[in-house]
>>> print(open('final.tsv').read())   # TSV, C-alpha atoms and all ligand atoms
chain	number	residue	atom	x	y	z
A	76	MET	CA	4.50	0.38	24.25
A	77	THR	CA	1.58	1.37	22.00
A	78	ILE	CA	0.06	-0.89	19.39
A	79	PHE	CA	2.02	1.09	16.76
A	80	ASP	CA	5.36	0.43	18.49
A	81	HIS	CA	4.38	-3.22	18.60
A	82	LEU	CA	3.37	-3.24	14.90
A	83	LYS	CA	6.57	-1.54	13.79
A	84	LEU	CA	8.73	-4.00	15.70
A	85	ALA	CA	6.72	-7.08	14.76
A	86	THR	CA	6.80	-6.31	11.02
A	87	LYS	CA	10.26	-4.79	10.68
A	88	THR	CA	11.79	-7.65	8.70
A	89	GLN	CA	8.67	-8.02	6.56
A	90	HIS	CA	8.86	-4.32	5.65
A	91	GLN	CA	12.48	-4.82	4.68
A	92	SER	CA	11.64	-7.83	2.48
A	93	VAL	CA	8.80	-6.17	0.61
A	94	GLU	CA	10.82	-2.99	0.25
A	95	LYS	CA	13.64	-5.01	-1.28
A	96	VAL	CA	11.29	-6.66	-3.82
A	97	LEU	CA	9.71	-3.35	-4.77
A	98	ILE	CA	12.99	-1.47	-5.08
A	99	GLY	CA	14.28	-4.29	-7.30
A	100	GLU	CA	11.27	-3.85	-9.54
A	101	LEU	CA	11.47	-0.06	-9.60
A	102	LYS	CA	15.13	-0.16	-10.59
A	103	ASN	CA	14.31	-2.43	-13.51
A	104	LEU	CA	11.51	-0.34	-14.98
A	105	GLN	CA	12.50	0.53	-18.52
A	106	ASN	CA	9.50	2.45	-19.75
A	107	ALA	CA	5.91	3.52	-19.09
A	108	LYS	CA	4.61	0.10	-20.06
A	109	ASP	CA	6.68	-1.63	-17.37
A	110	TYR	CA	5.44	0.91	-14.86
A	111	ALA	CA	1.83	0.33	-16.00
A	112	ASN	CA	2.37	-3.38	-15.50
A	113	LEU	CA	3.45	-2.82	-11.89
A	114	LEU	CA	0.43	-0.59	-11.27
A	115	HIS	CA	-1.87	-3.27	-12.72
A	116	ARG	CA	-0.43	-5.87	-10.36
A	117	LEU	CA	-0.76	-3.58	-7.35
A	118	TYR	CA	-4.36	-2.85	-8.33
A	119	ALA	CA	-5.15	-6.57	-8.59
A	120	PHE	CA	-3.88	-7.08	-5.04
A	121	TYR	CA	-5.26	-3.98	-3.36
A	122	ALA	CA	-8.67	-3.39	-5.01
A	123	PRO	CA	-10.47	-6.26	-3.25
A	124	VAL	CA	-8.68	-5.42	0.01
A	125	GLU	CA	-9.66	-1.78	-0.14
A	126	ALA	CA	-13.30	-2.69	-0.81
A	127	GLN	CA	-13.38	-4.99	2.21
A	128	LEU	CA	-11.80	-2.34	4.44
A	129	GLN	CA	-14.42	0.22	3.49
A	130	ASN	CA	-17.08	-2.25	4.59
A	131	ILE	CA	-15.55	-3.43	7.83
A	132	ILE	CA	-14.12	-0.18	9.24
A	133	ASN	CA	-16.91	1.96	10.53
A	134	GLU	CA	-16.98	5.74	10.04
A	135	ASN	CA	-18.00	6.22	13.68
A	136	PHE	CA	-14.75	4.64	14.65
A	137	MET	CA	-12.59	6.15	11.90
A	138	PRO	CA	-14.28	9.29	10.54
A	139	ASP	CA	-11.84	9.72	7.64
A	140	ILE	CA	-11.91	6.09	6.44
A	141	LYS	CA	-13.42	7.14	3.09
A	142	LEU	CA	-10.40	9.35	2.42
A	143	ARG	CA	-8.16	6.32	2.89
A	144	GLN	CA	-8.85	4.89	-0.55
A	145	HIS	CA	-6.13	4.77	-3.16
A	146	MET	CA	-7.39	2.72	-6.08
A	147	HIS	CA	-8.81	5.67	-8.01
A	148	ARG	CA	-5.28	7.07	-8.15
A	149	ILE	CA	-3.95	3.89	-9.77
A	150	LEU	CA	-6.76	4.10	-12.35
A	151	GLN	CA	-5.95	7.74	-12.99
A	152	ASP	CA	-2.23	7.06	-13.45
A	153	LEU	CA	-2.94	4.19	-15.83
A	154	SER	CA	-5.28	6.31	-17.87
A	155	ILE	CA	-2.65	9.10	-18.13
A	156	LEU	CA	-0.04	6.51	-19.16
A	157	GLY	CA	-2.40	5.25	-21.88
A	158	TYR	CA	-2.72	1.74	-20.45
A	159	PRO	CA	-6.25	1.62	-19.03
A	160	ILE	CA	-6.97	-1.07	-16.49
A	161	LYS	CA	-7.31	-4.67	-17.59
A	162	PRO	CA	-8.47	-7.02	-14.86
A	163	ILE	CA	-5.92	-9.51	-13.56
A	164	ASP	CA	-7.00	-12.21	-11.16
A	165	CYS	CA	-5.18	-12.06	-7.86
A	166	ASN	CA	-5.56	-15.23	-5.87
A	167	GLU	CA	-3.65	-13.76	-2.94
A	168	THR	CA	-6.74	-12.02	-1.61
A	169	LEU	CA	-6.85	-11.33	2.11
A	170	GLN	CA	-10.01	-12.28	3.96
A	171	ILE	CA	-10.77	-9.48	6.39
A	172	THR	CA	-13.29	-10.75	8.92
A	173	THR	CA	-12.88	-8.45	11.92
A	174	PRO	CA	-12.33	-4.69	12.34
A	175	SER	CA	-9.13	-5.33	14.33
A	176	TYR	CA	-7.64	-7.49	11.59
A	177	GLY	CA	-8.73	-4.83	9.10
A	178	LEU	CA	-6.85	-2.17	11.05
A	179	GLY	CA	-3.68	-4.21	10.76
A	180	VAL	CA	-4.19	-4.32	7.01
A	181	LEU	CA	-4.89	-0.59	6.95
A	182	TYR	CA	-1.71	0.07	8.93
A	183	VAL	CA	0.32	-1.50	6.11
A	184	ILE	CA	-1.55	0.34	3.36
A	185	GLU	CA	-1.36	3.72	5.06
A	186	GLY	CA	2.22	3.16	6.20
A	187	SER	CA	3.22	2.50	2.61
A	188	THR	CA	2.42	6.15	1.82
A	189	LEU	CA	5.42	7.08	3.99
A	190	GLY	CA	7.81	5.47	1.55
A	191	GLY	CA	5.86	7.02	-1.33
A	192	GLN	CA	7.98	10.15	-1.55
A	193	ILE	CA	11.11	8.07	-1.99
A	194	ILE	CA	9.35	5.86	-4.55
A	195	SER	CA	7.98	8.84	-6.51
A	196	ALA	CA	11.46	10.34	-6.74
A	197	MET	CA	12.83	6.97	-7.93
A	198	LEU	CA	10.11	6.74	-10.59
A	199	ILE	CA	10.72	10.24	-11.94
A	200	LYS	CA	14.42	9.49	-12.26
A	201	GLN	CA	14.09	5.95	-13.57
A	202	LEU	CA	11.45	6.74	-16.19
A	203	ASN	CA	12.83	10.15	-17.07
A	204	LEU	CA	9.44	11.70	-16.44
A	205	ASN	CA	9.16	15.46	-16.94
A	206	ASP	CA	6.21	15.81	-14.67
A	207	ALA	CA	4.62	13.88	-11.87
A	208	THR	CA	1.07	13.57	-13.25
A	209	ALA	CA	1.23	9.80	-13.65
A	210	ILE	CA	2.55	9.09	-10.18
A	211	SER	CA	-0.45	10.10	-8.12
A	212	TYR	CA	-0.74	6.64	-6.55
A	213	PHE	CA	2.76	6.68	-5.11
A	214	SER	CA	2.53	10.40	-4.22
A	215	SER	CA	-0.68	9.63	-2.37
A	216	TYR	CA	-1.54	12.35	0.14
A	217	LYS	CA	1.42	14.50	-0.94
A	218	ASP	CA	2.06	17.18	1.71
A	219	GLN	CA	-0.72	15.70	3.84
A	220	THR	CA	1.07	12.35	4.17
A	221	LEU	CA	2.45	12.90	7.66
A	222	PRO	CA	-0.73	14.53	9.05
A	223	MET	CA	-2.80	11.61	7.64
A	224	TRP	CA	-0.44	9.12	9.28
A	225	LYS	CA	-0.59	10.90	12.65
A	226	GLN	CA	-4.37	11.10	12.40
A	227	LEU	CA	-4.62	7.35	11.73
A	228	LYS	CA	-2.57	6.68	14.83
A	229	SER	CA	-4.65	8.91	17.07
A	230	GLU	CA	-7.92	7.44	15.77
A	231	VAL	CA	-6.74	3.91	16.50
A	232	LEU	CA	-5.20	4.77	19.87
A	233	ALA	CA	-8.44	6.44	20.97
A	234	SER	CA	-10.20	3.05	20.69
A	235	GLN	CA	-7.26	0.85	21.62
A	236	GLU	CA	-9.11	-0.76	24.51
A	237	GLU	CA	-11.87	-2.12	22.27
A	238	LEU	CA	-9.42	-3.64	19.81
A	239	ASN	CA	-7.78	-7.03	19.64
A	240	GLU	CA	-4.05	-6.39	19.40
A	241	HIS	CA	-3.26	-9.93	18.34
A	242	GLN	CA	-5.63	-9.66	15.36
A	243	ILE	CA	-4.21	-6.25	14.38
A	244	VAL	CA	-0.69	-7.67	14.24
A	245	SER	CA	-1.91	-10.71	12.27
A	246	GLY	CA	-3.64	-8.46	9.73
A	247	ALA	CA	-0.44	-6.45	9.23
A	248	LYS	CA	1.80	-9.50	8.95
A	249	ASP	CA	-0.51	-11.27	6.50
A	250	THR	CA	-0.70	-8.16	4.32
A	251	PHE	CA	3.07	-7.77	4.10
A	252	ASP	CA	3.50	-11.49	3.38
A	253	MET	CA	0.78	-11.77	0.78
A	254	LEU	CA	1.83	-8.61	-1.03
A	255	ARG	CA	5.39	-9.86	-1.26
A	256	GLN	CA	4.25	-13.27	-2.50
A	257	TRP	CA	1.93	-11.70	-5.05
A	258	LEU	CA	4.63	-9.35	-6.36
A	259	LEU	CA	7.02	-12.26	-6.83
A	260	LYS	CA	4.40	-14.59	-8.29
A	261	SER	CA	2.89	-12.05	-10.69
A	262	LYS	CA	6.25	-10.97	-12.07
A	263	PRO	CA	5.92	-13.36	-15.03
A	264	LEU	CA	2.78	-11.43	-15.96
A	265	GLU	CA	5.22	-8.94	-17.42
A	266	ASN	CA	4.05	-10.01	-20.81
A	267	ILE	CA	0.43	-9.36	-20.04
A	268	THR	CA	-1.06	-7.56	-23.04
A	269	LEU	CA	-1.66	-4.05	-21.80
A	301	LIG	C1	10.62	1.23	-2.16
A	301	LIG	C2	9.92	0.78	-1.15
A	301	LIG	C3	9.77	1.42	0.18
A	301	LIG	C4	10.52	2.36	0.82
A	301	LIG	C5	11.76	3.03	0.32
A	301	LIG	C6	9.91	2.59	2.12
A	301	LIG	C7	10.35	3.48	3.04
A	301	LIG	C8	9.71	3.78	4.21
A	301	LIG	C9	10.07	4.84	5.11
A	301	LIG	C10	11.20	5.83	4.87
A	301	LIG	C11	9.23	4.79	6.16
A	301	LIG	C12	9.23	5.72	7.37
A	301	LIG	C13	10.05	5.05	8.44
A	301	LIG	C14	9.95	5.76	9.73
A	301	LIG	O1	9.47	6.88	9.81
A	301	LIG	O2	10.34	5.15	10.71
A	301	LIG	C15	8.34	3.70	5.95
A	301	LIG	C16	7.37	3.32	6.82
A	301	LIG	C17	6.45	2.34	6.56
A	301	LIG	N1	6.33	1.62	5.40
A	301	LIG	FE1	7.62	1.65	3.87
A	301	LIG	N2	8.82	1.79	2.24
A	301	LIG	C18	8.70	1.09	1.07
A	301	LIG	C19	7.74	0.20	0.75
A	301	LIG	C20	6.71	-0.12	1.57
A	301	LIG	C21	5.64	-1.01	1.22
A	301	LIG	C22	5.48	-1.66	-0.16
A	301	LIG	C23	4.85	-1.12	2.30
A	301	LIG	C24	3.61	-1.90	2.49
A	301	LIG	C25	2.97	-2.55	1.57
A	301	LIG	C26	5.39	-0.28	3.34
A	301	LIG	C27	4.86	-0.14	4.60
A	301	LIG	C28	5.32	0.73	5.54
A	301	LIG	C29	4.74	0.87	6.87
A	301	LIG	C30	3.58	0.09	7.45
A	301	LIG	C31	5.45	1.89	7.50
A	301	LIG	C32	5.19	2.44	8.89
A	301	LIG	C33	6.21	1.91	9.87
A	301	LIG	C34	5.88	2.44	11.25
A	301	LIG	O3	6.30	3.53	11.58
A	301	LIG	O4	5.18	1.74	11.98
A	301	LIG	N3	6.52	0.30	2.86
A	301	LIG	N4	8.65	3.10	4.75
>>> encode(input="final.tsv", output="structure tokens")
Amino acid sequence: MTIFDHLKLATKTQHQSVEKVLIGELKNLQNAKDYANLLHRLYAFYAPVEAQLQNIINENFMPDIKLRQHMHRILQDLSILGYPIKPIDCNETLQITTPSYGLGVLYVIEGSTLGGQIISAMLIKQLNLNDATAISYFSSYKDQTLPMWKQLKSEVLASQEELNEHQIVSGAKDTFDMLRQWLLKSKPLENITL
């Protein structure tokens, strides 16, 4: 069993729970402002995480780590929607102290691009969008999504022996948990003045 088989098994129910929360939100989006609100909340959670990952995961170990940044796409979508970013404090910030833990976090972030195609299609339908210009965050790597996922796996597996599997799994579990908690807790921020 590889570390990825282990991760998938160990976080299966957490994936289901966060998926349920997100699908509930997506189905309730009434307009672009609601969608912008969701993007703001995701930015608040992920921006500090992404910054930490870029620091802790070395390019020698993962040559394409710089490509694995997604926050600029949220900013771009918000700007297209006409609701430029307003900072929201997220007190659910993960503390990433080791590369192995960071890889567990990255597993969740990169894995979430796999559901992106389903989410993008839901957004287009739900918001009656004519084009997909404001869904670049959820479309992520587009037709490169699967190759990027396979590449992540091979980069990690190549160094598997140097990594701490326990910490990787903890990083992934904490990320799923904290994201879910943040999405539920920040829901009342619906009235945030965008
Ligand atoms: C509407 C919400 C979501 C849907 C419909 C969805 C759907 C999917 C699908 C279809 C896959 C591929 C499954 C496979 O190939 O076995 C997947 C994988 C994955 N998703 Fe999601 N997802 C959603 C939300 C999320 C979120 C919010 C996260 C994390 C924050 C996430 C993390 C992952 C991870 C880590 C994997 C990789 C699992 C693995 O193969 O190890 N997903 N998701």
>>> residues_around(input="final.tsv", residues="Ser175 in chain A", least_positions_apart="6", cutoff="6 Å", atoms="all atoms listed in the file", output="JSON, numbers by chain")
{"A": [238, 239, 242, 243]}
>>> residues_near_ligand(input="final.tsv", ligand="ligand LIG 301 (chain A)", cutoff="7 Å", atoms="only C-alpha atoms and all ligand atoms", output="PyMOL selection string")
chain A and resi 79-80+82-83+90+93-95+97-98+182-191+193-194+251+254
>>> atom_distance(input="final.tsv", atom1="CA of Leu150 in chain A", atom2="CA of Lys217 in chain A")
17.5 Å
>>> closest_residue(input="final.tsv", among="A:Gly99, A:Gly157, A:Pro138, A:Gly177", to="Ala126 in chain A", atoms="all atoms listed in the file")
A:Gly177
>>> residues_around(input="final.tsv", residues="range 213-216 of chain A", least_positions_apart="3", cutoff="6 Å", atoms="only C-alpha atoms", output="mmCIF file with C-alpha atoms, in the coordinates of the input")
data_model
loop_
_atom_site.group_PDB
_atom_site.id
_atom_site.type_symbol
_atom_site.label_atom_id
_atom_site.label_comp_id
_atom_site.auth_asym_id
_atom_site.auth_seq_id
_atom_site.Cartn_x
_atom_site.Cartn_y
_atom_site.Cartn_z
ATOM 1 C CA GLY A 191 5.860 7.020 -1.330
ATOM 2 C CA SER A 195 7.980 8.840 -6.510
ATOM 3 C CA ILE A 210 2.550 9.090 -10.180
ATOM 4 C CA GLN A 219 -0.720 15.700 3.840
ATOM 5 C CA THR A 220 1.070 12.350 4.170
#
>>> atom_distance(input="final.tsv", atom1="CA of His241 in chain A", atom2="CA of Ile132 in chain A")
17.2 Å
>>> residues_around(input="final.tsv", residues="Leu101 in chain A", least_positions_apart="6", cutoff="8 Å", atoms="only C-alpha atoms", output="list in words")
Met197, Leu198 and Gln201 of chain A
>>> atom_distance(input="final.tsv", atom1="CA of Leu258 in chain A", atom2="CA of Thr208 in chain A")
24.2 Å
>>> closest_residue(input="final.tsv", among="A:Leu117, A:Ala207, A:Leu128, A:Met253", to="Met146 in chain A", atoms="only C-alpha atoms")
A:Leu117
>>> closest_residue(input="final.tsv", among="A:Ala107, A:Gln256, A:Ile78, A:Met223", to="Asp152 in chain A", atoms="only C-alpha atoms")
A:Ala107
>>> residues_near_point(input="final.tsv", point="(2.2, -6.1, -14.6)", cutoff="12 Å", atoms="only C-alpha atoms", output="ChimeraX atom specification")
/A:100,104,107-120,153,158,160-165,257-269
